[in-house]
Structure formats: C-alpha cells, structure tokens
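Shown next: query.cif, given as mmCIF, C-alpha atoms and all ligand atoms.
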```cif
data_target
loop_
_atom_site.label_atom_id
_atom_site.label_comp_id
_atom_site.auth_asym_id
_atom_site.auth_seq_id
_atom_site.Cartn_x
_atom_site.Cartn_y
_atom_site.Cartn_z
CA GLN A 1 29.51 14.45 15.95
CA PRO A 2 26.52 16.13 17.64
CA GLN A 3 24.18 13.84 19.51
CA SER A 4 20.95 13.17 17.66
CA ALA A 5 17.95 15.12 18.94
CA TYR A 6 15.73 12.09 18.36
CA GLU A 7 13.52 10.92 21.16
CA PRO A 8 10.18 9.16 21.08
CA LEU A 9 7.39 11.65 21.72
CA SER A 10 4.93 11.21 24.55
CA GLU A 11 1.36 12.52 24.54
CA GLY A 12 2.62 15.45 26.63
CA SER A 13 5.58 16.34 24.44
CA ALA A 14 3.43 15.96 21.31
CA ILE A 15 1.14 18.70 22.69
CA LEU A 16 4.12 20.95 23.48
CA LEU A 17 5.46 20.46 19.95
CA THR A 18 2.05 21.24 18.45
CA LYS A 19 1.90 24.49 20.46
CA LYS A 20 5.40 25.44 19.29
CA LEU A 21 4.39 24.89 15.67
CA GLY A 22 1.52 27.36 16.05
CA LEU A 23 -0.97 25.12 14.26
CA PHE A 24 -3.77 26.09 16.66
CA ASN A 25 -4.62 29.49 18.09
CA GLU A 26 -3.53 30.52 21.58
CA THR A 27 -6.85 29.74 23.25
CA ALA A 28 -6.90 26.14 22.03
CA SER A 29 -7.34 23.45 24.67
CA LEU A 30 -5.29 20.57 23.29
CA GLU A 31 -5.77 16.90 24.00
CA CYS A 32 -3.62 14.07 22.66
CA ARG A 33 -4.02 10.35 22.17
CA GLU A 34 -1.64 7.82 20.62
CA ILE A 35 -3.73 5.88 18.08
CA GLY A 36 -1.11 3.94 16.09
CA ASP A 37 -1.98 0.33 15.40
CA GLY A 38 1.28 -0.94 13.99
CA ASN A 39 4.53 -1.88 15.61
CA LEU A 40 6.68 0.52 13.58
CA ASN A 41 5.38 3.99 14.30
CA TYR A 42 3.58 6.23 16.75
CA VAL A 43 0.54 8.14 15.54
CA PHE A 44 -0.56 10.99 17.82
CA HIS A 45 -4.01 12.51 17.35
CA ILE A 46 -4.11 16.03 18.75
CA THR A 47 -7.43 17.82 19.01
CA ASP A 48 -8.65 21.17 20.25
CA SER A 49 -11.61 20.44 22.51
CA ASN A 50 -13.02 23.92 21.77
CA SER A 51 -12.93 23.99 17.94
CA ARG A 52 -12.81 20.17 17.57
CA LYS A 53 -10.15 20.62 14.91
CA GLY A 54 -7.31 18.13 14.88
CA ILE A 55 -3.90 17.25 13.48
CA ILE A 56 -1.88 14.06 13.25
CA ILE A 57 1.77 13.62 14.20
CA LYS A 58 3.27 10.38 12.91
CA GLN A 59 6.67 9.44 14.32
CA ALA A 60 8.93 6.61 13.17
CA LEU A 61 10.34 4.40 15.92
CA PRO A 62 13.90 3.05 15.64
CA PHE A 63 12.88 -0.58 16.22
CA ALA A 64 10.21 -2.73 14.67
CA LYS A 65 8.86 -5.85 16.29
CA VAL A 66 9.47 -8.48 13.63
CA ILE A 67 9.09 -12.16 14.52
CA GLY A 68 8.89 -11.16 18.16
CA GLU A 69 12.31 -9.53 18.13
CA ALA A 70 13.37 -5.90 18.00
CA TRP A 71 14.66 -5.24 14.51
CA PRO A 72 16.47 -1.92 13.94
CA LEU A 73 14.84 0.06 11.17
CA THR A 74 16.04 3.33 9.73
CA LEU A 75 14.37 6.54 10.93
CA LYS A 76 14.98 7.91 7.42
CA ARG A 77 11.70 6.31 6.39
CA ALA A 78 9.93 9.25 8.04
CA VAL A 79 11.67 11.57 5.54
CA ILE A 80 10.70 9.23 2.70
CA GLU A 81 7.10 9.24 3.92
CA ALA A 82 6.91 13.03 4.32
CA ASN A 83 8.52 13.67 0.93
CA ALA A 84 6.34 11.08 -0.80
CA LEU A 85 3.20 12.59 0.74
CA LYS A 86 4.28 16.04 -0.45
CA LEU A 87 5.09 14.86 -3.98
CA PHE A 88 1.95 12.71 -4.34
CA GLY A 89 -0.03 15.58 -2.82
CA LYS A 90 1.22 17.91 -5.57
CA LEU A 91 0.31 15.40 -8.28
CA CYS A 92 -3.01 14.37 -6.81
CA PRO A 93 -4.17 16.71 -3.99
CA GLU A 94 -7.70 15.25 -3.81
CA TYR A 95 -6.46 11.89 -2.58
CA VAL A 96 -3.53 12.72 -0.29
CA PRO A 97 -3.48 14.28 3.20
CA GLU A 98 -1.84 17.69 3.45
CA VAL A 99 1.56 17.79 5.18
CA TYR A 100 1.90 20.76 7.57
CA TYR A 101 5.41 20.12 8.85
CA ALA A 102 8.13 17.49 8.90
CA ASP A 103 11.27 17.11 11.01
CA GLU A 104 14.02 14.73 9.99
CA GLU A 105 15.73 14.50 13.41
CA LEU A 106 12.53 13.74 15.27
CA ALA A 107 11.43 11.51 12.37
CA ILE A 108 7.97 13.08 12.36
CA THR A 109 5.37 14.10 9.80
CA VAL A 110 2.63 16.47 10.89
CA MET A 111 -0.41 16.13 8.67
CA GLU A 112 -4.08 16.62 8.04
CA ASP A 113 -6.43 14.85 10.43
CA LEU A 114 -8.54 12.32 8.53
CA SER A 115 -10.50 11.04 11.53
CA HIS A 116 -13.80 11.78 9.78
CA LEU A 117 -12.95 8.89 7.41
CA THR A 118 -12.58 5.15 8.04
CA ILE A 119 -9.69 2.86 7.15
CA THR A 120 -11.07 1.01 4.12
CA ARG A 121 -10.13 -2.45 5.35
CA THR A 122 -12.03 -1.87 8.59
CA GLY A 123 -15.04 -0.45 6.76
CA PHE A 124 -15.06 -3.31 4.26
CA ILE A 125 -15.02 -5.88 7.06
CA GLU A 126 -18.01 -4.10 8.59
CA GLY A 127 -19.83 -4.39 5.25
CA GLU A 128 -19.19 -0.97 3.67
CA SER A 129 -18.58 -0.85 -0.07
CA TYR A 130 -17.23 2.65 -0.83
CA PRO A 131 -18.81 3.19 -4.27
CA LEU A 132 -16.19 5.70 -5.44
CA LEU A 133 -13.12 3.92 -4.09
CA SER A 134 -12.05 2.28 -7.36
CA ARG A 135 -12.54 5.46 -9.42
CA HIS A 136 -10.46 7.40 -6.95
CA ILE A 137 -7.66 4.86 -6.57
CA GLY A 138 -7.52 4.25 -10.34
CA GLU A 139 -7.03 7.99 -10.82
CA TYR A 140 -4.62 8.28 -7.89
CA MET A 141 -2.40 5.51 -9.27
CA ALA A 142 -2.46 6.80 -12.85
CA LYS A 143 -1.53 10.34 -11.79
CA THR A 144 1.18 9.50 -9.25
CA LEU A 145 2.73 6.73 -11.33
CA PHE A 146 2.59 8.44 -14.73
CA HIS A 147 3.92 11.77 -13.45
CA THR A 148 6.92 10.20 -11.73
CA SER A 149 7.82 7.98 -14.70
CA ASP A 150 10.21 8.54 -17.63
CA PHE A 151 7.10 9.04 -19.77
CA ALA A 152 6.43 12.35 -18.01
CA ILE A 153 9.63 13.75 -16.53
CA GLU A 154 13.06 14.57 -17.76
CA HIS A 155 15.63 11.77 -17.51
CA GLY A 156 17.95 13.51 -15.02
CA ARG A 157 15.10 14.44 -12.68
CA LYS A 158 13.84 10.87 -12.63
CA LYS A 159 17.32 9.54 -11.77
CA GLU A 160 17.55 12.08 -8.93
CA LEU A 161 14.19 11.03 -7.54
CA ALA A 162 15.14 7.36 -7.76
CA VAL A 163 18.17 8.11 -5.56
CA GLN A 164 16.20 10.28 -3.12
CA PHE A 165 13.66 7.47 -2.70
CA SER A 166 16.06 4.51 -2.82
CA ASN A 167 14.66 3.21 0.52
CA PRO A 168 16.74 0.00 0.72
CA GLU A 169 15.71 -1.12 4.22
CA LEU A 170 12.00 -1.01 3.63
CA CYS A 171 12.39 -2.58 0.19
CA LYS A 172 14.27 -5.40 1.89
CA ILE A 173 11.25 -6.11 4.08
CA THR A 174 9.10 -6.53 0.97
CA GLU A 175 11.75 -8.58 -0.81
CA SER A 176 11.93 -11.04 2.09
CA PHE A 177 8.36 -11.23 3.33
CA VAL A 178 6.44 -10.85 0.04
CA PHE A 179 8.64 -12.51 -2.57
CA THR A 180 10.82 -15.03 -0.76
CA ASP A 181 9.81 -16.45 2.62
CA PRO A 182 6.22 -17.49 1.84
CA PHE A 183 7.50 -19.73 -0.96
CA PHE A 184 9.90 -21.68 1.26
CA ASP A 185 9.75 -23.53 4.57
CA VAL A 186 11.20 -20.84 6.84
CA GLU A 187 10.44 -19.71 10.37
CA SER A 188 8.84 -16.36 9.56
CA ASN A 189 5.81 -18.05 7.98
CA ASP A 190 2.62 -18.27 9.99
CA PHE A 191 -0.43 -20.42 9.18
CA GLU A 192 -2.94 -22.82 10.69
CA GLU A 193 -2.20 -26.53 10.87
CA GLU A 194 -5.27 -27.10 8.65
CA LEU A 195 -3.42 -25.39 5.78
CA LYS A 196 -0.24 -27.43 6.13
CA ALA A 197 -0.94 -29.82 3.21
CA GLU A 198 -1.71 -26.89 0.85
CA VAL A 199 1.36 -25.03 1.99
CA VAL A 200 3.66 -28.02 1.52
CA LEU A 201 2.34 -28.36 -2.05
CA LEU A 202 3.15 -24.71 -2.59
CA TRP A 203 6.68 -25.12 -1.18
CA ASN A 204 7.25 -27.99 -3.61
CA ASP A 205 5.99 -26.06 -6.62
CA SER A 206 9.22 -25.15 -8.39
CA GLU A 207 7.41 -23.44 -11.26
CA LEU A 208 5.67 -21.15 -8.73
CA GLN A 209 8.95 -20.44 -6.95
CA LEU A 210 10.66 -19.56 -10.22
CA GLU A 211 7.86 -17.19 -11.27
CA ALA A 212 7.89 -15.53 -7.83
CA ALA A 213 11.66 -15.09 -8.17
CA LYS A 214 11.13 -13.37 -11.54
CA LEU A 215 8.61 -11.01 -9.96
CA LYS A 216 11.09 -10.30 -7.18
CA LYS A 217 13.73 -9.41 -9.77
CA SER A 218 11.30 -7.05 -11.40
CA PHE A 219 10.56 -5.45 -7.99
CA ILE A 220 14.26 -4.99 -7.27
CA THR A 221 15.51 -3.82 -10.66
CA GLU A 222 12.78 -1.98 -12.58
CA GLN A 223 12.66 1.74 -11.81
CA GLU A 224 9.48 2.62 -13.67
CA ALA A 225 7.85 5.11 -11.31
CA LEU A 226 7.67 6.27 -7.70
CA LEU A 227 5.45 3.67 -6.07
CA HIS A 228 3.46 4.04 -2.88
CA GLY A 229 4.90 0.65 -2.01
CA ASP A 230 2.29 -0.42 0.57
CA LEU A 231 -1.00 0.27 -1.20
CA HIS A 232 -3.31 -2.11 0.64
CA THR A 233 -6.73 -1.21 2.04
CA GLY A 234 -5.15 -0.47 5.44
CA SER A 235 -3.35 2.48 3.81
CA ILE A 236 -6.55 4.03 2.45
CA PHE A 237 -9.05 6.19 4.32
CA ALA A 238 -12.50 6.49 2.76
CA CYS A 239 -16.16 7.38 3.10
CA GLU A 240 -18.99 7.33 0.53
CA THR A 241 -17.58 10.39 -1.25
CA GLU A 242 -13.94 10.82 -0.28
CA THR A 243 -10.71 8.79 -0.52
CA LYS A 244 -7.26 9.54 0.94
CA VAL A 245 -4.10 7.47 0.63
CA ILE A 246 -1.76 7.50 3.66
CA ASP A 247 1.40 5.71 4.83
CA PRO A 248 3.84 5.79 1.87
CA GLU A 249 6.90 4.94 4.01
CA PHE A 250 7.71 2.09 1.57
CA ALA A 251 7.85 4.50 -1.41
CA PHE A 252 10.60 3.73 -3.92
CA TYR A 253 11.20 3.53 -7.67
CA GLY A 254 9.81 0.21 -8.81
CA PRO A 255 7.50 -1.51 -11.29
CA ILE A 256 4.13 0.24 -11.70
CA GLY A 257 2.23 -3.05 -11.51
CA PHE A 258 3.25 -3.50 -7.88
CA ASP A 259 0.93 -0.77 -6.55
CA VAL A 260 -1.85 -1.86 -8.91
CA GLY A 261 -1.51 -5.54 -7.99
CA GLN A 262 -1.36 -4.95 -4.25
CA PHE A 263 -4.59 -2.96 -4.40
CA PHE A 264 -6.26 -5.65 -6.56
CA ALA A 265 -5.27 -8.38 -4.11
CA ASN A 266 -6.74 -6.54 -1.15
CA LEU A 267 -10.03 -6.13 -3.03
CA LEU A 268 -9.93 -9.87 -3.70
CA PHE A 269 -9.59 -10.67 0.03
CA GLN A 270 -12.98 -9.00 0.42
CA ALA A 271 -14.43 -10.74 -2.64
CA ILE A 272 -13.33 -14.07 -1.14
CA THR A 273 -15.10 -13.37 2.15
CA ARG A 274 -18.32 -11.99 0.64
CA LYS A 275 -21.31 -13.57 -1.08
CA GLY A 276 -23.77 -12.65 -3.82
CA LYS A 277 -24.16 -8.97 -4.65
CA ASP A 278 -21.62 -7.87 -2.06
CA ARG A 279 -19.03 -10.06 -3.73
CA GLU A 280 -19.93 -8.71 -7.18
CA LEU A 281 -19.29 -5.18 -5.87
CA MET A 282 -15.69 -6.15 -5.15
CA PHE A 283 -15.23 -7.62 -8.63
CA LYS A 284 -16.68 -4.39 -10.01
CA HIS A 285 -14.13 -2.42 -7.95
CA VAL A 286 -11.30 -4.40 -9.56
CA GLU A 287 -12.70 -3.75 -13.03
CA VAL A 288 -13.34 -0.05 -12.48
CA THR A 289 -9.89 0.45 -10.95
CA TRP A 290 -8.29 -0.91 -14.09
CA ASP A 291 -10.63 0.98 -16.45
CA VAL A 292 -10.07 4.31 -14.74
CA PHE A 293 -6.35 3.68 -14.37
CA THR A 294 -5.91 2.97 -18.09
CA GLU A 295 -8.22 5.79 -19.22
CA THR A 296 -6.42 8.34 -17.05
CA PHE A 297 -2.96 7.02 -17.95
CA ARG A 298 -3.86 7.14 -21.66
CA THR A 299 -5.07 10.74 -21.44
CA LEU A 300 -1.94 11.82 -19.57
CA TRP A 301 0.24 9.99 -22.10
CA GLU A 302 -1.45 11.72 -25.02
CA ASN A 303 -1.52 15.19 -23.50
CA GLU A 304 1.56 15.37 -21.30
CA GLY A 305 3.87 12.54 -22.37
CA MET A 306 7.55 13.09 -23.22
CA GLU A 307 7.81 13.13 -26.99
CA ALA A 308 10.79 10.77 -27.03
CA PHE A 309 8.56 7.98 -25.70
CA CYS A 310 5.04 8.93 -26.49
CA LYS A 311 5.25 9.42 -30.26
CA THR A 312 5.94 5.73 -30.91
CA LYS A 313 2.86 3.90 -32.20
CA GLY A 314 1.80 0.88 -30.17
CA TYR A 315 4.09 1.76 -27.27
CA LEU A 316 1.37 2.77 -24.81
CA ASP A 317 -0.51 -0.47 -25.40
CA TYR A 318 2.71 -2.40 -24.79
CA ILE A 319 3.30 -0.50 -21.54
CA LEU A 320 -0.26 -1.04 -20.28
CA GLN A 321 -0.11 -4.74 -21.12
CA LYS A 322 3.13 -5.07 -19.17
CA ILE A 323 1.60 -3.25 -16.19
CA LEU A 324 -1.41 -5.61 -16.29
CA GLU A 325 0.68 -8.80 -16.36
CA ASP A 326 2.93 -7.49 -13.59
CA ALA A 327 -0.10 -6.48 -11.52
CA PHE A 328 -1.55 -10.00 -11.83
CA GLY A 329 1.72 -11.52 -10.64
CA PHE A 330 2.21 -9.07 -7.77
CA ALA A 331 -1.42 -9.54 -6.71
CA GLY A 332 -0.71 -13.27 -6.56
CA CYS A 333 2.28 -12.71 -4.27
CA GLU A 334 0.21 -10.47 -1.99
CA LEU A 335 -2.59 -13.06 -1.78
CA ILE A 336 -0.15 -15.77 -0.75
CA ARG A 337 2.02 -13.80 1.66
CA ARG A 338 -0.97 -12.32 3.54
CA THR A 339 -2.34 -15.84 3.98
CA ILE A 340 0.70 -17.85 5.08
CA GLY A 341 3.50 -15.30 5.54
CA LEU A 342 4.55 -13.08 8.43
CA SER A 343 1.95 -10.33 8.05
CA HIS A 344 -1.72 -11.25 7.72
CA VAL A 345 -4.92 -9.38 6.91
CA LYS A 346 -7.91 -9.11 9.19
CA ASP A 347 -10.27 -9.80 6.27
CA LEU A 348 -9.20 -13.47 6.51
CA ASP A 349 -7.86 -13.86 10.06
CA GLY A 350 -11.01 -12.24 11.43
CA ILE A 351 -13.31 -14.99 10.11
CA GLU A 352 -14.29 -16.70 13.36
CA ASN A 353 -15.67 -19.94 12.00
CA THR A 354 -12.65 -22.19 11.45
CA ALA A 355 -13.99 -24.11 8.45
CA GLU A 356 -14.99 -20.88 6.70
CA ARG A 357 -11.68 -19.25 7.51
CA ILE A 358 -9.67 -22.18 6.17
CA ALA A 359 -11.81 -22.32 3.03
CA ALA A 360 -11.26 -18.59 2.44
CA LYS A 361 -7.52 -18.99 2.93
CA LYS A 362 -7.40 -21.91 0.51
CA ALA A 363 -9.25 -19.77 -2.04
CA ALA A 364 -6.68 -17.00 -1.58
CA LEU A 365 -3.78 -19.43 -2.05
CA GLN A 366 -5.39 -20.95 -5.13
CA ALA A 367 -6.02 -17.53 -6.72
CA GLY A 368 -2.46 -16.47 -5.86
CA LYS A 369 -0.93 -19.52 -7.53
CA ILE A 370 -2.98 -19.07 -10.71
CA LEU A 371 -2.12 -15.36 -10.91
CA ILE A 372 1.61 -15.92 -10.53
CA LYS A 373 1.88 -18.87 -12.91
CA GLN A 374 -0.60 -17.86 -15.62
CA ARG A 375 -0.20 -14.08 -15.74
CA LYS A 376 1.66 -14.00 -19.06
CA ASN A 377 -0.27 -12.86 -22.14
CA LYS A 378 -3.47 -12.29 -20.17
CA THR A 379 -4.98 -9.19 -21.73
CA ASP A 380 -8.24 -8.86 -19.84
CA ILE A 381 -9.04 -7.86 -16.28
CA SER A 382 -11.55 -10.75 -16.12
CA PHE A 383 -8.55 -13.08 -15.65
CA ILE A 384 -7.96 -11.89 -12.08
CA ILE A 385 -11.66 -11.85 -11.24
CA ASN A 386 -12.08 -15.42 -12.46
CA THR A 387 -9.28 -16.68 -10.21
CA VAL A 388 -11.76 -16.13 -7.38
CA LYS A 389 -15.08 -16.44 -9.25
CA LYS A 390 -14.42 -19.75 -11.01
CA PRO A 391 -10.91 -20.99 -10.35
CA ALA A 392 -9.65 -23.62 -12.81
P1 LIG B 401 1.86 2.51 10.05
O1 LIG B 401 2.91 2.87 9.06
O2 LIG B 401 2.40 2.26 11.40
O3 LIG B 401 0.94 1.44 9.53
P2 LIG B 401 -0.23 4.46 9.37
O4 LIG B 401 0.25 5.67 8.67
O5 LIG B 401 -0.87 3.41 8.55
O6 LIG B 401 0.98 3.85 10.24
O7 LIG B 401 -1.20 4.90 10.54
C1 LIG B 401 -1.66 3.99 11.51
C2 LIG B 401 -3.06 4.36 11.94
O8 LIG B 401 -3.07 5.69 12.47
C3 LIG B 401 -4.05 4.40 10.79
O9 LIG B 401 -4.59 3.13 10.56
C4 LIG B 401 -5.07 5.37 11.31
O10 LIG B 401 -5.96 4.74 12.21
C5 LIG B 401 -4.24 6.37 12.08
N1 LIG B 401 -3.86 7.51 11.19
C6 LIG B 401 -2.75 7.62 10.43
N2 LIG B 401 -2.74 8.76 9.73
C7 LIG B 401 -3.88 9.42 10.05
C8 LIG B 401 -4.47 10.67 9.66
N3 LIG B 401 -3.85 11.48 8.79
N4 LIG B 401 -5.65 11.02 10.21
C9 LIG B 401 -6.28 10.20 11.11
N5 LIG B 401 -5.78 9.03 11.51
C10 LIG B 401 -4.61 8.62 11.00
MG MG B 402 -1.10 0.21 10.45
MG MG B 403 -0.16 1.60 7.80
MG MG B 404 3.31 1.94 7.32
#
```
Please, can you express the file's structure as structure tokens?
Amino acid sequence: QPQSAYEPLSEGSAILLTKKLGLFNETASLECREIGDGNLNYVFHITDSNSRKGIIIKQALPFAKVIGEAWPLTLKRAVIEANALKLFGKLCPEYVPEVYYADEELAITVMEDLSHLTITRTGFIEGESYPLLSRHIGEYMAKTLFHTSDFAIEHGRKKELAVQFSNPELCKITESFVFTDPFFDVESNDFEEELKAEVVLLWNDSELQLEAAKLKKSFITEQEALLHGDLHTGSIFACETETKVIDPEFAFYGPIGFDVGQFFANLLFQAITRKGKDRELMFKHVEVTWDVFTETFRTLWENEGMEAFCKTKGYLDYILQKILEDAFGFAGCELIRRTIGLSHVKDLDGIENTAERIAAKKAALQAGKILIKQRKNKTDISFIINTVKKPA
C-alpha cells in the first residue's frame, strides 16, 4: 500500500501549494496566516499584498482535542465538507462560498475568502443584528433541504447521496455530546458549581431523558435530507446585506428539523442575553426564519416536487408540522448541551458578571427542557419564543 501523502500544511507550504494551483497571477506577493479557531482543523488565509485578493485553505487534522485528550478523527470529513459545499453551492449559490479546489489526500478545501464578513456569533455578541440573516438562512435551509430530499430527487439518487454522506464519526460526536452526555452525570459535562442543583434536577428528569432519547433516535435513523449538521451562528458569516454558510463537515442525511432547530437555539442564546428591542429583534429572526423557510419550501414543493409525494392533499402540511416539532426538540437539546455539555457558546460563557451569567444559563436550561418535553402538537412558532419570553 502506498504511503499516504498527507501532512499538515505550514504557512510556507500553504503558499507553495497556492502558487502551484495558479489561483493568483505570477506577480502576486503572497502572505499566509493560520486563522483557525477550533481544535479540529487548520484554516490558512492567503492574501496577495498587491491586489489584496485572498483565498482560504481549510485542512482537516487527524486528531481532535476532546476532553483534553487527542481523539483520532477521520480525515474523510474534509471530502464530506468539500462535497457538501459544492452541492449546497449548486442549490443555493448566494449563501455558500465557492470551492476552487479540493484534495482528498491532503484533506484540504480551497475556497472563497469571506474575510470581508463577520462570523455571526461574534457580531451578535458585539451588538450587531444582521437584518437579513433570517430571510437568508430560511431560504438557504429550504433550498438545500428540499432539493436533497425524496420530495425533490429520484429515489436511487437520494440513496446514493445518503451513502456518500454517511459520515459516521462526526455523527457519533453529535450523538454523544448533544443527545446523551448532557442528560446524565458523566465526565464530559462542564458547568459552574452554581448550576449544580439545576443540573441534578435535569439528570433526575426521566421524562426529559426519554424525550431526548427519542430525538436521538430520530437523528440517527431518519434520512430526510442532506443536513448541514452544524448550523450554529459560528458557521455563518454575515454583514448587513450578505450571508454565507461555511463548515458543513458534519453533513449527513438526517431529520430536517435538526438544522432548523440548531439555528433557532443559537438565536435564542442571543435573545436570552439581550434586553428590550434588541431581544425582540432575535425573536423576530426566529419568526422570519420559519416564515421564509415554510414559504420557500411550499413554493418548491408545488413547482418542483416529485409527483409521487407532492400530489397528496394535506401531505405538505403534515411534513411542515413534523419539521416544526422536531426543530423545537432539537433546539431544546442544543440549548442544554451548549450550557452544561462539553462544547459551550461564547454568547453565555462570555457574560462576565457571574450572577447574570448563571441567570442566563438557567434560562437556557429552562427553555431547553420545555422545548424537549412539550414540543408535540405545537403548531405555532410562538411556542419557542415564549420559552424565553415568558417561560411557564
Ligand atoms: P472549524 O470546522 O474548525 O470550526 P471553520 O470552517 O468554522 O472551521 O473555520 C474556522 C474559522 O476560520 C472561522 O470561524 C473563520 O474565522 C475562518 N474561516 C473559515 N472559512 C473561511 C472563509 N471562507 N473565509 C474567511 N475566513 C474563514
Ligand atoms: Mg470554529
Ligand atoms: Mg466551525
Ligand atoms: Mg467545523
């Protein structure tokens, strides 16, 4: 067997690779900086100091730092990410960075430089509101999810895609750290002593655990559409007018409500930390996301749906209702796991005042519990908003 050509790039070798790819002209004076913020991947930003144009090279690393240990993680996720970006880019070019090149052995994706935009989570924390974000993400989700579902593509093609994007290792991360660990007293959890009483209540809530287990089953078994799989505000670049979704390395065939719910939950983290009009803007984002998602999905269903599904009266309403209930439940899991699980969000952890931070985290836990336990037969988006606005 030939030795793998994989090696982690350095800033120097990233420049050499860029030159070899011919993405800049001969006279370019290239500079490179590693700007990744995670513990899974390198992100190299290469710019031409003459033209100021740039590109991004993202490279998967073979180990992730999970619970302080090196955890081997397949390099194949780089292929998943590149292929998902290309497919989503075809379905929804406005909201996805262009892929210029990908190499399986090096586990790299070379893509459009989005440095003129800001990561939405960061911008939100600094007080930005991104007026078009919910319109754009509602449309992005409807287009990518509808067009990869059985409602839009031929049965055999969908089965092929589900195999191509089976992504078991990254799904396992979600299965453990989103749906399982936060609901039990295990080592991977991470929370302040001040939350201990709340958390113990949660760990003794067998109804909550059962409902979370049902959501986990749905995540594992339901192949409804090709999900982004990690659609939080850290995976979205934005400005006042533009929105781009990056980082689909968790892409796999799963329940549509998972992407929708994860995005909702990350809007709620902001709602929880904001007051007055700024808080209302976040509730509005939740509402508009759902309105635009359903409007766009409905139009696609009527104009481009597979006849075998889309001619049945009442079926679309049934599908949308299922997506909504699922989204509520998945949003609940995201709220809880980002508060007491392994991987937190800066929206909450960044609150410096301890009393305020603890209060915000309790609000997130409370909303999460309500969403998971009471999601069934809720037909209106106001249900999720009220879990934060006026929790029962
Ligand atoms: P990870 O999977 O490790 O979270 P991301 O794809 O989210 O990696 O990228 C990590 C960071 O790298 C982003 O938060 C952003 O700051 C930067 N980045 C990633 N892709 C781009 C891009 N296309 N243009 C500019 N910056 C990017
Ligand atoms: Mg990151
Ligand atoms: Mg990321
Ligand atoms: Mg990622």
Draw an axis-aligned box over all listed atoms of range 208-227 of chain A, pad each side with 3 Å, and write its centre and edge lengths in Å, one decimal, as JSON.
```
{"center_x": 10.5, "center_y": -7.4, "center_z": -9.9, "size_x": 16.1, "size_y": 33.4, "size_z": 13.6}
```
* To do: Kindly give the distance, in Å, that separates CA of Tyr100 in chain A and CA of Ala82 in chain A, rounded to a single decimal.
  => 9.8 Å
* **10 Å shell around ligand LIG 401 (chain B) using only C-alpha atoms and all ligand atoms, listed as a count of residues only** => 57
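With all atoms listed in the file as the atoms that count, the minimum distance from Thr294 in chain A to the choices A:Leu215, A:Leu132, A:Val260, A:Val186 is reached by A:Val260.
In this comparison, which uses all atoms listed in the file, the residue of A:Asn386, A:Gln366, A:Ser134, A:Ser51 approaching Phe263 in chain A most closely is A:Ser134.
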* Asked: From the set A:Phe293, A:Phe165, A:Tyr130, A:Phe183, which residue has the shortest atom-to-atom contact distance to Thr144 in chain A, counting only C-alpha atoms?
  -> A:Phe293
* Would you mind listing what lies within 12 Å of Thr354 in chain A as a ChimeraX atom specification, with all atoms listed in the file counted and same-chain residues fewer than 4 positions away left out? => /A:192-195,348-350,358-361
* Asked: Excluding same-chain residues fewer than 5 positions from range 277-279 of chain A, what lies within 9 Å of it counting all atoms listed in the file, as a VMD selection string?
  -> chain A and resid 127 129 270 to 272 284
* Smallest atom-to-atom distance to ligand MG 402 (chain B): which of A:Phe88, A:Arg375, A:Lys311, A:Val345, using only C-alpha atoms and all ligand atoms? -> A:Val345
* Residue nearest ligand MG 404 (chain B) among A:Lys196, A:His228, A:Lys322, A:Lys143 (counting all atoms listed in the file) ->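 Closest residue, counting all atoms listed in the file: A:His228.
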* To do: Can you work out the spacing between CA of Gly89 in chain A and CA of Leu267 in chain A in Å, to one decimal?
  =>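 So the two atoms, CA of Gly89 in chain A and CA of Leu267 in chain A, lie 23.9 Å apart.
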* Nearest to ligand MG 402 (chain B): which of A:His344, A:Ser188, A:Ile351, A:Gln321 is it, counting all atoms listed in the file? ->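 Closest candidate: A:His344.
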* Compile the contact shell of Gln209 in chain A as a ChimeraX atom specification: residues with an atom at most 12 Å away, counting all atoms listed in the file, same-chain residues fewer than 5 positions apart removed. => /A:179-185,201-204,214-216,333,336,369,372-373
Output C-alpha atoms for every residue in that selection, as an mmCIF file, keeping the file's coordinate frame.
```
data_model
loop_
_atom_site.group_PDB
_atom_site.id
_atom_site.type_symbol
_atom_site.label_atom_id
_atom_site.label_comp_id
_atom_site.auth_asym_id
_atom_site.auth_seq_id
_atom_site.Cartn_x
_atom_site.Cartn_y
_atom_site.Cartn_z
ATOM 1 C CA PHE A 179 8.640 -12.510 -2.570
ATOM 2 C CA THR A 180 10.820 -15.030 -0.760
ATOM 3 C CA ASP A 181 9.810 -16.450 2.620
ATOM 4 C CA PRO A 182 6.220 -17.490 1.840
ATOM 5 C CA PHE A 183 7.500 -19.730 -0.960
ATOM 6 C CA PHE A 184 9.900 -21.680 1.260
ATOM 7 C CA ASP A 185 9.750 -23.530 4.570
ATOM 8 C CA LEU A 201 2.340 -28.360 -2.050
ATOM 9 C CA LEU A 202 3.150 -24.710 -2.590
ATOM 10 C CA TRP A 203 6.680 -25.120 -1.180
ATOM 11 C CA ASN A 204 7.250 -27.990 -3.610
ATOM 12 C CA LYS A 214 11.130 -13.370 -11.540
ATOM 13 C CA LEU A 215 8.610 -11.010 -9.960
ATOM 14 C CA LYS A 216 11.090 -10.300 -7.180
ATOM 15 C CA CYS A 333 2.280 -12.710 -4.270
ATOM 16 C CA ILE A 336 -0.150 -15.770 -0.750
ATOM 17 C CA LYS A 369 -0.930 -19.520 -7.530
ATOM 18 C CA ILE A 372 1.610 -15.920 -10.530
ATOM 19 C CA LYS A 373 1.880 -18.870 -12.910
#
```
* **Selection near Glu139 in chain A, 12 Å with all atoms listed in the file, sequence-local residues under 6 positions removed, as a PyMOL selection string** => chain A and resi 91-95+132-133+145-147+243-245+260+288-300
* Can you work out the spacing between CA of Leu23 in chain A and CA of Glu7 in chain A in Å, to one decimal? =>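 About the pair CA of Leu23 in chain A and CA of Glu7 in chain A: they are 21.4 Å apart.
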